[in-house]
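Peer 1: As input, take my_file.txt (compact mmCIF, C-alpha atoms and all ligand atoms):
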```txt
# COMPACT_ATOMS: atom_id res chain seq x y z
CA MET A 1 30.22 10.74 2.90
CA THR A 2 31.87 11.83 -0.31
CA ASP A 3 28.93 10.53 -2.39
CA ILE A 4 26.65 13.27 -1.04
CA LYS A 5 29.21 15.94 -1.82
CA SER A 6 29.75 14.76 -5.38
CA ALA A 7 25.99 14.47 -5.93
CA ALA A 8 25.54 18.05 -4.79
CA ALA A 9 28.29 19.19 -7.14
CA ALA A 10 26.75 17.43 -10.14
CA PRO A 11 24.75 19.47 -12.67
CA SER A 12 21.19 19.72 -11.43
CA CYS A 13 19.57 19.73 -14.89
CA GLY A 14 17.63 22.92 -14.46
CA SER A 15 16.35 22.48 -10.93
CA THR A 16 15.58 25.82 -9.33
CA LYS A 17 16.29 24.72 -5.78
CA PRO A 18 18.47 22.08 -4.15
CA LEU A 19 16.80 18.71 -3.70
CA SER A 20 16.26 17.33 -0.24
CA ARG A 21 18.26 14.22 0.58
CA GLU A 22 15.10 12.13 0.35
CA ALA A 23 14.11 13.59 -3.02
CA GLU A 24 17.64 12.96 -4.28
CA HIS A 25 17.41 9.36 -3.06
CA VAL A 26 14.07 8.74 -4.81
CA LEU A 27 14.78 10.59 -8.05
CA ARG A 28 18.36 9.51 -8.62
CA ASN A 29 18.62 6.14 -6.81
CA HIS A 30 15.12 4.73 -7.42
CA GLY A 31 14.31 5.02 -3.74
CA THR A 32 10.83 4.71 -2.27
CA GLU A 33 9.48 6.97 0.44
CA ARG A 34 7.76 5.56 3.51
CA PRO A 35 4.03 4.92 2.75
CA GLY A 36 1.77 7.58 4.18
CA SER A 37 4.70 9.95 4.74
CA SER A 38 3.84 12.44 1.99
CA ALA A 39 1.58 15.40 2.70
CA LEU A 40 0.48 15.08 -0.93
CA ASN A 41 -1.52 11.96 -0.04
CA LYS A 42 -4.20 14.26 1.35
CA GLU A 43 -3.75 17.05 -1.20
CA LYS A 44 -7.11 17.63 -2.86
CA ARG A 45 -6.75 21.15 -4.24
CA ALA A 46 -6.78 21.79 -7.99
CA GLY A 47 -3.33 22.29 -9.37
CA ALA A 48 -0.34 20.78 -11.09
CA TYR A 49 2.36 18.36 -9.96
CA PHE A 50 5.88 19.02 -11.21
CA CYS A 51 8.97 16.82 -11.24
CA ALA A 52 11.03 17.85 -8.20
CA GLY A 53 14.18 17.23 -10.23
CA CYS A 54 13.60 19.55 -13.18
CA GLY A 55 10.23 21.29 -12.90
CA THR A 56 8.47 19.45 -15.74
CA GLU A 57 4.71 19.10 -15.19
CA VAL A 58 4.18 15.36 -14.79
CA PHE A 59 0.71 14.99 -13.23
CA SER A 60 -2.47 17.05 -12.78
CA SER A 61 -4.90 17.16 -9.87
CA GLU A 62 -7.56 16.15 -12.41
CA THR A 63 -6.22 12.60 -12.58
CA LYS A 64 -5.33 12.28 -8.89
CA TYR A 65 -7.39 9.91 -6.77
CA ASP A 66 -7.24 8.29 -3.36
CA SER A 67 -5.96 4.75 -3.90
CA GLY A 68 -5.45 4.07 -0.19
CA SER A 69 -1.94 2.79 -0.97
CA GLY A 70 -0.11 5.39 1.11
CA TRP A 71 1.39 7.10 -1.94
CA PRO A 72 -0.05 9.87 -4.09
CA SER A 73 -1.87 8.11 -6.95
CA PHE A 74 -2.95 9.18 -10.40
CA TYR A 75 -4.68 7.33 -13.22
CA ALA A 76 -2.90 9.20 -16.03
CA PRO A 77 0.25 11.34 -16.47
CA VAL A 78 0.59 14.64 -18.34
CA ASP A 79 1.00 13.81 -22.04
CA ASP A 80 4.43 12.42 -22.82
CA ASN A 81 6.18 13.95 -19.84
CA VAL A 82 6.30 10.61 -18.02
CA ALA A 83 8.12 7.60 -19.47
CA ALA A 84 8.09 3.97 -18.35
CA THR A 85 10.57 1.08 -18.21
CA ILE A 86 10.33 -2.50 -16.96
CA ASP A 87 11.82 -2.87 -13.48
CA THR A 88 12.76 -6.39 -12.37
CA SER A 89 14.48 -5.40 -9.11
CA HIS A 90 13.44 -6.90 -5.74
CA GLY A 91 12.31 -10.11 -7.49
CA MET A 92 9.24 -8.41 -8.94
CA ARG A 93 8.30 -7.37 -12.42
CA ARG A 94 6.98 -3.86 -12.19
CA ILE A 95 6.71 -0.92 -14.54
CA GLU A 96 8.89 1.91 -13.31
CA VAL A 97 7.91 5.47 -14.27
CA HIS A 98 10.23 8.43 -14.52
CA CYS A 99 10.34 12.01 -15.73
CA ALA A 100 10.79 11.95 -19.52
CA LYS A 101 12.97 15.05 -19.35
CA CYS A 102 15.49 14.44 -16.54
CA GLN A 103 14.94 10.64 -16.12
CA GLY A 104 14.27 11.20 -12.40
CA HIS A 105 12.50 8.20 -10.85
CA LEU A 106 8.93 8.99 -9.84
CA GLY A 107 7.35 5.67 -8.87
CA HIS A 108 5.63 2.69 -10.47
CA VAL A 109 2.49 2.10 -12.53
CA PHE A 110 0.11 -0.79 -11.85
CA GLU A 111 -2.87 -2.07 -13.82
CA ASP A 112 -5.42 -1.88 -11.02
CA GLY A 113 -6.44 1.77 -11.35
CA PRO A 114 -9.84 3.33 -12.02
CA GLU A 115 -11.46 4.15 -15.35
CA PRO A 116 -10.87 5.52 -17.90
CA THR A 117 -7.27 4.19 -18.05
CA GLY A 118 -7.35 1.32 -15.55
CA LEU A 119 -3.89 2.42 -14.48
CA ARG A 120 -2.56 3.39 -11.06
CA TYR A 121 0.47 5.64 -11.08
CA CYS A 122 1.87 5.13 -7.59
CA ILE A 123 4.17 8.11 -7.12
CA ASN A 124 6.60 9.20 -4.40
CA GLY A 125 5.34 12.54 -3.08
CA VAL A 126 8.90 13.65 -2.44
CA ALA A 127 9.58 13.42 -6.20
CA LEU A 128 6.75 15.91 -6.84
CA ASP A 129 6.35 19.65 -6.39
CA PHE A 130 2.69 20.64 -6.09
CA LYS A 131 1.57 24.09 -7.18
CA PRO A 132 -2.08 24.89 -6.42
CA GLN A 133 -4.11 26.72 -9.03
CA ASP A 134 -4.91 30.28 -8.13
ZN ZN A 201 12.36 15.76 -14.23
```
What do you get writing this file as structure tokens?

Peer 2:
Amino acid sequence: MTDIKSAAAAPSCGSTKPLSREAEHVLRNHGTERPGSSALNKEKRAGAYFCAGCGTEVFSSETKYDSGSGWPSFYAPVDDNVAATIDTSHGMRRIEVHCAKCQGHLGHVFEDGPEPTGLRYCINGVALDFKPQD
């Protein structure tokens, strides 16, 4: 498994702690976590969600809502900290979203979200670090 070793040796672009294997898979290889597997699905406290790859604040609890999809969902990102590209993998045309700073893959955005944006940012919980407000 030399790929894991070389990934661990690569520059971590400012991350303060090593990524879990699953976070690495999602952020760097566009992986998707199992639906319902993230504890953040049920997270309702006020606070901020940071990119697990580099610590950039990407979402706020203020825009989080329960979409019932099995992934943490938001209707808007934090300013320009999240960027989007068209993803045509798996025979679908989806909009992929990633951290604007480290390019780490976060999830996808769909146009069936609530007001005021009408957008649903469907995000892998493993790609996020939640810090509750104190
Ligand atoms: Zn990042």

Peer 1: Using Å and a single decimal, report how far atom CA of Ser38 of chain A sits from atom CA of Glu24 of chain A.

Peer 2: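 Atom-to-atom, atom CA of Glu24 of chain A and atom CA of Ser38 of chain A are spaced 15.2 Å apart.
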
Peer 1: Which one is closest to Phe130 of chain A: A:Asn29, A:Asn41, A:Thr88, A:Ser69? Count all atoms listed in the file.

Peer 2: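 Nearest to Phe130 of chain A: A:Asn41.
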
Peer 1: Name the residues in contact with Glu115 of chain A at a cut-off of 10 Å, using all atoms listed in the file, excluding same-chain residues fewer than 4 positions from it; report them as a ChimeraX atom specification.

Peer 2: /A:75-76,119-120

Peer 1: Residues within 6 Å of ligand ZN 201 (chain A) should be enumerated using only C-alpha atoms and all ligand atoms and returned as a list in words.

Peer 2: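 The residues within 6 Å of ligand ZN 201 (chain A), counting only C-alpha atoms and all ligand atoms, are Cys51, Gly53, Cys54, Thr56, Cys99, Lys101, Cys102 and Gly104 of chain A.
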
Peer 1: For each of A:Asp129, A:Ser89, A:Asp134, A:Thr63, take the minimum atom-to-atom distance to Pro116 of chain A, counting all atoms listed in the file, then give the residue where this is smallest.

Peer 2: A:Thr63

Peer 1: One number please: atom CA of Glu33 of chain A to atom CA of Pro72 of chain A, in Å, one decimal.

Peer 2: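 Taking atom CA of Glu33 of chain A as the start and atom CA of Pro72 of chain A as the end point, the length is 10.9 Å.
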
Peer 1: Counting only C-alpha atoms, which of A:Gly36, A:Thr117, A:Arg45, A:His90 gets nearest to Gly68 of chain A?

Peer 2: A:Gly36

Peer 1: Tell me which residues come within 6 Å of (-3.9, 19.5, -8.6), as a short mmCIF file (atom, residue, chain, number, x, y, z; two decimals) with C-alpha atoms, in the frame of the given file, counting all atoms listed in the file in the file's coordinates.

Peer 2:
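Result file is out_25.cif:
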```cif
data_model
loop_
_atom_site.label_atom_id
_atom_site.label_comp_id
_atom_site.auth_asym_id
_atom_site.auth_seq_id
_atom_site.Cartn_x
_atom_site.Cartn_y
_atom_site.Cartn_z
CA ARG A 45 -6.75 21.15 -4.24
CA ALA A 46 -6.78 21.79 -7.99
CA GLY A 47 -3.33 22.29 -9.37
CA ALA A 48 -0.34 20.78 -11.09
CA SER A 60 -2.47 17.05 -12.78
CA SER A 61 -4.90 17.16 -9.87
#
```

Peer 1: Which residue is closest to Ile95 of chain A? Choose from A:Leu27, A:Ala83, A:Val58, A:Leu128 and count only C-alpha atoms.

Peer 2: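 Distance minimum relative to Ile95 of chain A lands on A:Ala83.
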
Peer 1: State, in Å with one decimal place, the distance from atom CA of Met92 of chain A to atom CA of Tyr49 of chain A.

Peer 2: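 Distance between the two atoms: 27.7 Å.
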
Peer 1: A:Ala52, A:Ala39, A:Val109, A:Ala23: which is nearest Asp87 of chain A, counting all atoms listed in the file?

Peer 2: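 The closest residue to Asp87 of chain A is A:Val109.
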
Peer 1: Give the answer as one residue: which of A:Leu19, A:Leu40, A:Val126, A:Val26 has the shortest atom-to-atom distance to His105 of chain A, using only C-alpha atoms?

Peer 2: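 Among the listed residues, A:Val26 lies closest to His105 of chain A.
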